[in-house]
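Engineer: What follows is protein_39.txt, compact mmCIF, C-alpha atoms and all ligand atoms.
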# COMPACT_ATOMS: atom_id res chain seq x y z
CA MET O 807 10.02 16.65 -3.79
CA SER O 808 6.46 17.49 -4.74
CA ALA O 809 3.69 14.93 -4.74
CA SER O 810 3.52 14.97 -8.51
CA ASP O 811 7.25 14.24 -8.71
CA ASN O 812 6.67 11.27 -6.50
CA HIS O 813 3.70 10.13 -8.43
CA GLY O 814 4.68 7.60 -11.06
CA SER O 815 8.20 7.31 -9.69
CA LYS O 816 9.87 3.93 -9.71
CA GLY O 817 8.72 3.08 -6.22
CA ASN O 818 5.12 3.44 -7.26
CA GLN O 819 5.18 1.64 -10.57
CA SER O 820 4.25 -1.71 -9.10
CA ALA O 821 0.86 -0.24 -8.27
CA GLY O 822 0.01 -1.00 -11.89
CA LEU O 823 -3.40 0.33 -12.75
CA ARG O 824 -4.03 1.50 -9.21
CA SER O 825 -1.85 4.57 -9.17
CA VAL O 826 -0.54 5.73 -5.84
CA PHE O 827 -0.23 9.47 -5.35
CA ALA O 828 2.79 10.65 -3.31
CA ARG O 829 3.56 8.31 -0.38
CA HIS O 830 7.10 7.72 -1.60
CA SER O 831 8.69 7.49 1.84
CA GLU O 832 5.75 5.58 3.33
CA MET O 833 5.95 3.05 0.49
CA GLN O 834 9.67 2.67 1.05
CA GLU O 835 9.24 2.13 4.78
CA LEU O 836 6.50 -0.42 4.18
CA ARG O 837 8.53 -2.16 1.50
CA GLU O 838 11.50 -2.48 3.87
CA ARG O 839 9.29 -3.80 6.63
CA LEU O 840 7.67 -6.36 4.34
CA LEU O 841 11.01 -7.46 2.89
CA SER O 842 12.46 -7.85 6.38
CA ARG O 843 9.64 -10.36 6.94
CA ARG O 844 9.05 -9.35 10.54
CA SER O 845 5.56 -9.08 11.99
CA PHE O 846 3.99 -5.66 12.51
CA LEU O 847 0.68 -3.87 12.95
CA LEU O 848 -0.09 -1.28 10.28
CA HIS O 849 -2.64 1.23 11.49
CA GLY O 850 -4.27 4.37 10.17
CA PRO O 851 -7.77 5.82 9.74
CA ALA O 852 -10.21 4.40 7.21
CA GLY O 853 -9.45 5.76 3.74
CA VAL O 854 -5.84 6.70 4.50
CA GLY O 855 -4.55 4.20 1.91
CA LYS O 856 -3.47 1.11 3.89
CA THR O 857 -5.03 -1.39 1.51
CA LEU O 858 -3.87 0.55 -1.55
CA LEU O 859 -0.24 0.72 -0.41
CA ILE O 860 -0.12 -2.91 0.72
CA SER O 861 -1.73 -4.12 -2.53
CA ALA O 862 0.69 -2.05 -4.57
CA LEU O 863 3.67 -3.64 -2.80
CA LEU O 864 2.53 -7.25 -2.63
CA PRO O 865 3.76 -8.22 -6.12
CA GLU O 866 7.29 -7.33 -4.98
CA ILE O 867 7.20 -9.57 -1.92
CA PRO O 868 7.95 -13.27 -2.22
CA ARG O 869 5.90 -15.89 -0.34
CA VAL O 870 3.11 -13.71 0.92
CA LEU O 871 -0.58 -14.46 1.46
CA TYR O 872 -3.17 -11.68 1.64
CA SER O 873 -6.39 -12.16 3.57
CA PRO O 874 -8.81 -9.28 2.93
CA HIS O 875 -11.35 -10.01 5.69
CA ASN O 876 -10.85 -11.84 8.94
CA SER O 877 -13.87 -11.66 11.16
CA THR O 878 -13.55 -15.27 12.38
CA PRO O 879 -10.74 -17.86 12.51
CA GLN O 880 -12.69 -19.89 9.93
CA MET O 881 -12.67 -16.98 7.51
CA LEU O 882 -8.97 -16.43 8.12
CA TYR O 883 -8.07 -20.08 7.41
CA ARG O 884 -10.32 -20.21 4.35
CA ASN O 885 -8.71 -17.09 2.88
CA LEU O 886 -5.24 -18.45 3.56
CA ALA O 887 -6.18 -21.76 1.96
CA ASP O 888 -7.44 -19.89 -1.12
CA GLY O 889 -4.16 -17.98 -1.24
CA LEU O 890 -2.14 -21.19 -0.98
CA LEU O 891 -4.16 -22.76 -3.79
CA THR O 892 -3.48 -19.77 -5.99
CA ALA O 893 0.19 -20.01 -5.05
CA GLY O 894 0.30 -23.54 -6.43
CA TYR O 895 -0.43 -25.74 -3.44
CA ARG O 896 -2.98 -27.80 -5.40
CA GLN O 897 -1.08 -31.05 -5.21
CA ARG O 898 -0.46 -30.75 -1.53
CA PHE O 899 -4.14 -30.11 -0.92
CA LYS O 900 -5.00 -33.05 -3.25
CA SER O 901 -7.77 -30.91 -4.67
CA SER O 902 -8.22 -27.92 -6.89
CA SER O 903 -10.73 -26.50 -4.48
CA ILE O 904 -11.38 -26.31 -0.77
CA ALA O 905 -15.15 -26.16 -1.29
CA GLY O 906 -16.87 -28.81 0.76
CA LYS O 907 -13.98 -29.23 3.18
CA GLY O 908 -14.81 -28.65 6.84
CA ALA O 909 -13.29 -25.84 8.90
CA ARG O 910 -11.12 -28.26 10.86
CA ALA O 911 -9.71 -29.86 7.70
CA ILE O 912 -8.95 -26.45 6.20
CA LYS O 913 -7.19 -25.33 9.35
CA GLY O 914 -5.07 -28.51 9.29
CA LEU O 915 -4.12 -28.01 5.64
CA VAL O 916 -3.20 -24.39 6.20
CA ARG O 917 -1.16 -25.15 9.31
CA ASP O 918 0.74 -27.95 7.55
CA ALA O 919 1.47 -25.73 4.58
CA LEU O 920 2.51 -22.71 6.62
CA CYS O 921 4.49 -24.17 9.49
CA ASP O 922 8.14 -23.21 9.06
CA SER O 923 7.39 -22.17 5.47
CA GLU O 924 8.70 -18.60 5.81
CA TYR O 925 5.36 -17.36 4.51
CA LEU O 926 4.25 -13.87 5.40
CA VAL O 927 0.54 -13.33 5.93
CA VAL O 928 -1.25 -10.00 5.65
CA LEU O 929 -4.50 -9.73 7.59
CA ASP O 930 -6.31 -6.67 6.29
CA HIS O 931 -9.39 -4.93 7.70
CA LEU O 932 -9.19 -6.18 11.24
CA ALA O 933 -12.08 -4.61 13.09
CA GLN O 934 -12.22 -5.39 16.77
CA PRO O 935 -10.88 -8.90 16.34
CA SER O 936 -12.18 -11.37 18.90
CA GLN O 937 -10.20 -13.44 21.39
CA ALA O 938 -10.74 -16.44 19.09
CA LEU O 939 -9.24 -14.66 16.10
CA ALA O 940 -6.33 -13.38 18.17
CA ALA O 941 -5.70 -16.95 19.38
CA ALA O 942 -5.57 -18.15 15.75
CA VAL O 943 -3.15 -15.35 14.81
CA ARG O 944 -1.03 -16.09 17.86
CA GLU O 945 -0.88 -19.75 16.88
CA LEU O 946 0.30 -18.85 13.38
CA LYS O 947 2.91 -16.49 14.80
CA LEU O 948 4.20 -18.59 17.63
CA SER O 949 3.57 -22.24 16.76
CA CYS O 950 4.09 -21.98 13.01
CA SER O 951 6.70 -19.16 12.95
CA VAL O 952 4.63 -17.27 10.39
CA SER O 953 5.15 -13.52 10.22
CA VAL O 954 1.91 -11.61 10.47
CA ILE O 955 1.12 -8.14 9.17
CA ALA O 956 -2.09 -7.03 10.87
CA VAL O 957 -3.96 -4.00 9.49
CA SER O 958 -6.40 -1.96 11.54
CA ARG O 959 -7.76 1.56 11.85
CA SER O 960 -5.82 2.42 14.97
CA ASP O 961 -3.53 0.87 17.53
CA HIS O 962 -6.21 1.16 20.18
CA MET O 963 -8.15 -1.69 21.69
CA GLU O 964 -11.44 -0.63 20.08
CA ASP O 965 -9.98 -1.18 16.59
CA ALA O 966 -7.07 -3.60 16.90
CA GLY O 967 -8.96 -5.66 19.52
CA PHE O 968 -7.27 -8.70 20.98
CA VAL O 969 -4.54 -8.89 18.32
CA LEU O 970 -3.08 -5.73 19.86
CA ARG O 971 -1.25 -7.67 22.55
CA LEU O 972 0.59 -9.63 19.84
CA PHE O 973 2.34 -6.41 18.80
CA SER O 974 3.43 -4.99 22.11
CA ASP O 975 6.77 -3.52 21.05
CA ARG O 976 6.75 0.00 19.62
CA LYS O 977 8.88 -1.24 16.70
CA GLU O 978 6.10 -3.63 15.78
CA LYS O 979 3.75 -0.77 14.92
CA ALA O 980 3.67 1.39 11.80
CA ALA O 981 1.28 4.30 11.39
CA LEU O 982 -0.02 5.67 8.09
CA ARG O 983 -1.29 9.23 8.48
CA ASN O 984 -3.52 11.51 6.44
CA PHE O 985 -1.84 13.82 3.92
CA ASP O 986 -0.56 17.13 5.24
CA PRO O 987 -2.45 20.17 3.86
CA ASP O 988 -0.04 20.81 0.93
CA ILE O 989 -0.06 17.27 -0.38
CA ALA O 990 -3.80 17.00 0.31
CA THR O 991 -4.38 20.09 -1.87
CA GLN O 992 -2.33 18.59 -4.70
CA PHE O 993 -4.08 15.26 -4.27
CA ALA O 994 -7.54 16.86 -4.47
CA ALA O 995 -6.60 18.64 -7.72
CA TRP O 996 -5.08 15.45 -9.19
CA CYS O 997 -8.11 13.44 -8.27
CA ALA O 998 -10.64 16.01 -9.56
CA ASN O 999 -8.74 16.09 -12.84
CA LYS O 1000 -8.71 12.29 -13.06
CA GLU O 1001 -12.45 12.18 -12.39
CA GLY O 1002 -13.11 14.95 -14.92
CA LEU O 1003 -14.88 17.08 -12.31
CA GLN O 1004 -15.84 20.54 -13.52
CA ALA O 1005 -17.65 23.37 -11.76
CA GLY O 1006 -17.59 27.14 -11.49
CA ASN O 1007 -16.53 26.91 -7.84
CA ILE O 1008 -14.12 23.98 -8.19
CA SER O 1009 -11.22 25.72 -6.39
CA GLN O 1010 -13.36 26.59 -3.39
CA PHE O 1011 -14.88 23.11 -3.41
CA LEU O 1012 -11.46 21.41 -3.40
CA GLU O 1013 -10.22 23.73 -0.68
CA ARG O 1014 -13.26 22.84 1.43
CA ILE O 1015 -12.87 19.09 1.03
CA VAL O 1016 -9.18 19.24 1.94
CA GLU O 1017 -10.31 20.88 5.16
CA LEU O 1018 -13.35 18.69 5.80
CA SER O 1019 -11.45 15.46 5.15
CA ALA O 1020 -8.49 16.50 7.31
CA GLY O 1021 -6.30 15.29 4.43
CA ASN O 1022 -7.83 11.82 4.23
CA PRO O 1023 -7.45 10.64 0.61
CA GLY O 1024 -10.32 8.15 0.74
CA ALA O 1025 -12.70 10.85 1.98
CA MET O 1026 -11.54 13.25 -0.75
CA VAL O 1027 -11.97 10.63 -3.49
CA GLU O 1028 -15.46 9.86 -2.25
CA MET O 1029 -16.57 13.51 -2.08
CA ILE O 1030 -15.10 14.26 -5.51
CA ARG O 1031 -17.03 11.33 -6.98
CA MET O 1032 -20.23 12.51 -5.27
CA ALA O 1033 -19.68 16.01 -6.65
CA LYS O 1034 -20.17 14.67 -10.16
CA SER O 1035 -23.80 13.91 -9.38
CA ALA O 1036 -26.36 16.46 -10.60
CA ARG O 1037 -27.94 16.25 -7.15
CA TYR O 1038 -25.13 18.36 -5.67
CA SER O 1039 -24.94 20.88 -8.46
CA HIS O 1040 -26.85 24.10 -9.05
CA ASP O 1041 -26.11 26.60 -11.83
CA GLY O 1042 -22.76 24.93 -12.46
CA GLN O 1043 -21.76 25.27 -8.78
CA ILE O 1044 -21.15 22.36 -6.43
CA LYS O 1045 -23.28 22.55 -3.28
CA VAL O 1046 -20.78 21.50 -0.64
CA THR O 1047 -22.96 21.45 2.47
CA PRO O 1048 -25.60 18.90 1.35
CA LEU O 1049 -22.86 16.83 -0.26
CA TYR O 1050 -20.86 16.76 2.97
CA ILE O 1051 -23.93 15.89 5.04
CA ASP O 1052 -24.73 12.95 2.74
CA TYR O 1053 -21.10 11.86 2.76
CA ARG O 1054 -21.06 11.84 6.57
CA LEU O 1055 -24.37 9.99 6.77
CA ALA O 1056 -23.08 7.32 4.37
CA THR O 1057 -19.85 6.97 6.36
CA VAL O 1058 -21.71 6.61 9.64
CA ALA O 1059 -23.97 3.98 8.04
CA HIS O 1060 -20.91 1.93 7.05
CA THR O 1061 -19.26 1.92 10.44
N1 LIG B 1101 -1.89 7.76 -2.06
C1 LIG B 1101 -3.03 7.55 -2.73
N2 LIG B 1101 -3.10 7.72 -4.07
C2 LIG B 1101 -4.24 7.49 -4.75
N3 LIG B 1101 -5.38 7.10 -4.18
C3 LIG B 1101 -5.38 6.91 -2.85
C4 LIG B 1101 -4.21 7.12 -2.05
N4 LIG B 1101 -4.50 6.83 -0.76
C5 LIG B 1101 -5.78 6.45 -0.75
N5 LIG B 1101 -6.32 6.49 -1.99
C6 LIG B 1101 -7.68 6.14 -2.36
O1 LIG B 1101 -8.50 6.29 -1.23
C7 LIG B 1101 -9.42 5.21 -1.13
C8 LIG B 1101 -9.27 4.51 0.19
O2 LIG B 1101 -8.01 3.84 0.23
P1 LIG B 1101 -7.80 2.46 0.99
O3 LIG B 1101 -6.47 1.94 0.64
O4 LIG B 1101 -8.97 1.56 0.76
O5 LIG B 1101 -7.81 2.97 2.50
P2 LIG B 1101 -7.77 2.11 3.85
O6 LIG B 1101 -7.42 0.69 3.48
O7 LIG B 1101 -6.71 2.77 4.68
O8 LIG B 1101 -9.13 2.23 4.46
C9 LIG B 1101 -9.20 4.33 -2.33
O9 LIG B 1101 -10.08 4.73 -3.34
C10 LIG B 1101 -7.79 4.63 -2.70
O10 LIG B 1101 -7.54 4.35 -4.03
MG MG B 1102 -8.57 -1.08 3.72
For this file, produce the structure as structure tokens.
Structural biologist:
Amino acid sequence: MSASDNHGSKGNQSAGLRSVFARHSEMQELRERLLSRRSFLLHGPAGVGKTLLISALLPEIPRVLYSPHNSTPQMLYRNLADGLLTAGYRQRFKSSSIAGKGARAIKGLVRDALCDSEYLVVLDHLAQPSQALAAAVRELKLSCSVSVIAVSRSDHMEDAGFVLRLFSDRKEKAALRNFDPDIATQFAAWCANKEGLQAGNISQFLERIVELSAGNPGAMVEMIRMAKSARYSHDGQIKVTPLYIDYRLATVAHT
């Protein structure tokens, strides 16, 4: 099945406005994992589509809380409390807001609400989580029987940090990889079309970014968006080298 056949297929409709290109089998595997409600670590390089795929699937999954950033236990508990409020826990919290509540009180509320609740929590964008964060995740997993989906850039210590030891079994890890060259080529064309990118050398440009990105969709999207700027255009031709240098500099600055 080609990527365009996959695109817009039933499995991807829940993405709503955020359309997911290809990824049919990856979505299905993730869906099954999420529906089985067992903890796992989802890993893959920045821009590969982890957040996109998870966000597209969340509406299908009952009793799930999504925490986008988790640099400290306090941030984790606050995000979970926000999620519980949205999910209708207002009465239990005796407040429509958690503003003004101390970290300890929030942690207590979250623990009470989650313990034995069969909730699933998704912790996205884990970047070198500390021992303290890993202890909080461990507590949720072990003391409260909450299933945890942790998301990081790799399953190595430098990315997954101290949460890594909570997912020691091979079955508790799922990798999302860059597109292979064929799909990446189709994705680049789809994306350039969506962005309305035009240039005399568009085919060569797209070929180059497939290569330079190693099939990473986030990198391709970013370079295609940059290519629309007059700064990288001369006589109707996209200037790939300065564009790529600026792209790399911006990526390094964000990491
Ligand atoms: N399969 C895909 N279809 C469409 N866009 C994609 C796909 N995968 C990634 N993208 C785009 O690439 C960018 C990075 O994706 P994201 O989910 O944030 O990556 P990650 O969370 O792995 O760092 C986003 O703009 C996203 O929409
Ligand atoms: Mg992400």
Engineer: Just checking: using only C-alpha atoms, which residue out of O:Gln992, O:Asn876, O:Ser936, O:Gln1043 ends up closest to O:Phe1011?
Structural biologist: O:Gln1043
Engineer: Quick one: residues within 10 Å of ligand LIG 1101 (chain B), with all atoms listed in the file, as a PyMOL selection string?
Structural biologist: chain O and resi 809+813+818+821+824-830+832-833+848-862+930-931+957-959+982-985+989-990+993-994+996-997+1022-1028
Engineer: So how many Å separate atom CA of O:Lys1000 and atom CA of O:Ile1051, to one decimal?
Structural biologist: 23.9 Å
Engineer: May I ask for the distance between atom CA of O:Asp965 and atom CA of O:Ala933, given in Å to one decimal place?
Structural biologist: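 According to the coordinates, atom CA of O:Asp965 and atom CA of O:Ala933 are separated by 5.3 Å.
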Engineer: Check the smallest atom-to-atom distance from each of O:Asp888, O:Glu964, O:Glu978, O:Asp922 to O:Arg839 using all atoms listed in the file, then report the winner.
Structural biologist: O:Glu978
Engineer: Check the smallest atom-to-atom distance from each of O:Pro1048, O:Gly889, O:Pro865, O:Pro874 to ligand MG 1102 (chain B) using all atoms listed in the file, then report the winner.
Structural biologist: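 Among the listed residues, O:Pro874 lies closest to ligand MG 1102 (chain B).
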Engineer: Could you check how far atom CA of O:Ala909 sits from atom CA of O:Asn885, in Å to one decimal?
Structural biologist: 11.6 Å
Engineer: For stretch 860-879 of chain O, what centre and edge lengths in Å (one decimal) does the axis-aligned box get once 6 Å is added on each side of all its listed atoms, as JSON?
Structural biologist:
{"center_x": -3.0, "center_y": -10.0, "center_z": 3.2, "size_x": 33.8, "size_y": 27.8, "size_z": 30.6}
Engineer: Identify which of the residues O:Val969, O:Asp918, O:Ala911, O:Leu932 lies closest to O:Ser949, counting only C-alpha atoms when measuring atom-to-atom distances.
Structural biologist: O:Asp918
